[in-house]
Structures are given as structure tokens and as C-alpha cells.
Amino acid sequence: MDEELRYIRQILAGDKRAYIHIINQYKNPLYATILRMTKNPQTAEDMLQEVFIKVYERLPKYDQKGPFKSWLYRIAVNHCIDELRKKRIQTEQMEEAIIQSNETPEVVLLQNEKSRELEKMLSTLPEEERIILLLRYTNDLSYAEISDALGISIMDVRNKLYRAKKKLRKNVQEGGVLYGVSERG
């Protein structure tokens with residue numbers, strides 16, 4: 001955190017090279033979050049660049065009171081939501097996993113089906129619940145960090161996460177397809 005603040009102060013003082021450290025620290029987890037939201041590697045890369053540009057432009061507005069990570073994720077999530085609404089991006093099919101995998105075609109096909117089922121179930125959730133799930137389980141953000149990133153209370157994060165997991169669990173139990181779950185659960 002102290003090192004992060006040092007880089008931020010250097011950037012604000014005019015050292016543009018210090019921004020490379022911020023990019024290197026956050027590019028992979030941000031890319032993973034954006035990719036899960038867009039379901040398109042090229043779109044995720046483009047949005048990641050746009051997010052880093054926005055963060056750089058807005059860095060003077062960062063008040064350094066809350067965690068930088070939360071502030072950064074808030075910008076990234078809001079940018080993605082805005083862009084997804086504008087473009088109405090549709091979910092793309094899984095890329096040629098059989099070619100890239102050492103697994104048998106049957107195993108890869110089953111894994112792809114499970115991934116599609118999970119993505120389908122996630123897409124049925126309200127947008128905010130889906131984002132909270134992604135931030136919590138894909139990026140391992142704490143409730144407080146999610147609260148800061150989305151501008152909602154920690155209690156709202158807990159409640160929405162609980163409801164989202166409950167809905168997913170119900171879908172899995174009713175469908176019985178995902179990961180071999182039967183009607184009995």
C-alpha cells in the first residue's frame with residue numbers, strides 16, 4: 001500500500017513512467033474481471049486499455065482515503081457496465097479448447113458444457129449480483145473492497161452475494177446438469 005501511494009504521488013508529480021508499476025500490478029486481475037464480464041478476449045483487452053487511460057486521467061481525483069484497489073475496480077466495473085450497455089455484447093462460444101487441451105474430446109466437451117451452463121446461469125442473475133460474484137470469487141476481493149468498488153454498503157454486498165448464490169444453487173438443483181448435481185443436491 002505504501003509503495004502504491006509512492007507511485008501515485010510520483011505520477012501526480014509528473015513521472016509518467018511510475019504508472020507502469022500500477023499497470024503491471026493490476027493488469028492481470030483487471031483483465032480477468034473484464035473478460036468475465038465481456039466474455040470476449042479482444043473486447044476485454046480493449047476495455048482494459050480504456051480503463052487504464054481513465055484511471056490515469058482521474059488519478060488527481062483519487063483522495064487516497066480509501067484503498068486504491070477499490071477505487072480502481074470501481075472505475076473498471078463502471079466502465080464495463082457502460083460499454084456493455086452501449087454495445088449490447090452477446091456471449092461468444094468457447095474457443096477451440098479441444099485443440100489446445102490434452103484431455104480427451106469427451107472430457108473437453110463435458111467441461112465446455114459445464115462452462116456454458118455456468119455462464120448461462122450467471123447471465124440469469126441481476127447485473128449487480130453477477131458483478132459481486134465475479135469480484136468476490138474471480139478477483140478474491142473482500143466484502144469491504146467490493147463495497148468500495150460498487151459504492152454500496154457491506155451489508156448490501158453480503159445480501160446480494162447470498163441471494164446470488166442461493167439463486168445459482170436453486171438453478172443447479174433444478175437443472176441437475178452442472179457438475180453432476182442431482183435433484184437431491
# chains A, B, ... in the order shown; residues from 1 in each chain; ligands from 1

$ residues_around --residues "Arg74 of chain A" --least-positions-apart "4" --cutoff "7 Å" --atoms "only C-alpha atoms" --output "PDB file with N, CA, C and O atoms, in the first residue's frame"
ATOM      1  N   SER A  70      -9.801  -0.643  -4.540  1.00  0.00           N
ATOM      2  CA  SER A  70     -11.256  -0.488  -4.620  1.00  0.00           C
ATOM      3  C   SER A  70     -11.635   0.618  -5.588  1.00  0.00           C
ATOM      4  O   SER A  70     -12.572   0.479  -6.380  1.00  0.00           O
ATOM      5  N   ASN A  78     -17.564   0.091 -13.549  1.00  0.00           N
ATOM      6  CA  ASN A  78     -18.476   1.084 -14.123  1.00  0.00           C
ATOM      7  C   ASN A  78     -18.237   1.269 -15.613  1.00  0.00           C
ATOM      8  O   ASN A  78     -19.184   1.392 -16.394  1.00  0.00           O
ATOM      9  N   ALA A 149     -15.803  -0.578  -4.227  1.00  0.00           N
ATOM     10  CA  ALA A 149     -15.781  -0.576  -5.692  1.00  0.00           C
ATOM     11  C   ALA A 149     -17.147  -0.266  -6.287  1.00  0.00           C
ATOM     12  O   ALA A 149     -17.246   0.414  -7.299  1.00  0.00           O
ATOM     13  N   LEU A 150     -18.205  -0.762  -5.656  1.00  0.00           N
ATOM     14  CA  LEU A 150     -19.545  -0.582  -6.210  1.00  0.00           C
ATOM     15  C   LEU A 150     -20.321   0.555  -5.558  1.00  0.00           C
ATOM     16  O   LEU A 150     -21.419   0.886  -5.997  1.00  0.00           O
TER      17      LEU A 150
END

$ residues_around --residues "Leu135 of chain A" --least-positions-apart "3" --cutoff "12 Å" --atoms "only C-alpha atoms" --output "JSON, numbers by chain"
{"A": [29, 30, 31, 32, 33, 34, 35, 36, 37, 69, 70, 73, 74, 76, 77, 128, 129, 130, 131, 132, 138, 139, 140, 141, 142, 143, 144, 145, 146, 147, 148, 149, 150, 157, 161]}

$ select_by_dssp --residues "segment 21-90 of chain A" --states "helix (DSSP H, G or I)" --output "PyMOL selection string"
chain A and resi 21-38+41-61+68-87

$ atom_distance --atom1 "atom CA of Asp15 of chain A" --atom2 "atom CA of Trp71 of chain A"
20.8 Å

$ residues_around --residues "segment 48-63 of chain A" --least-positions-apart "3" --cutoff "7 Å" --atoms "only C-alpha atoms" --output "NGL selection string"
:A and (12 or 31 or 44-45 or 72 or 75-76 or 79)

$ atom_distance --atom1 "atom CA of Lys170 of chain A" --atom2 "atom CA of Met121 of chain A"
10.2 Å

$ atom_distance --atom1 "atom CA of Leu84 of chain A" --atom2 "atom CA of Lys160 of chain A"
21.1 Å
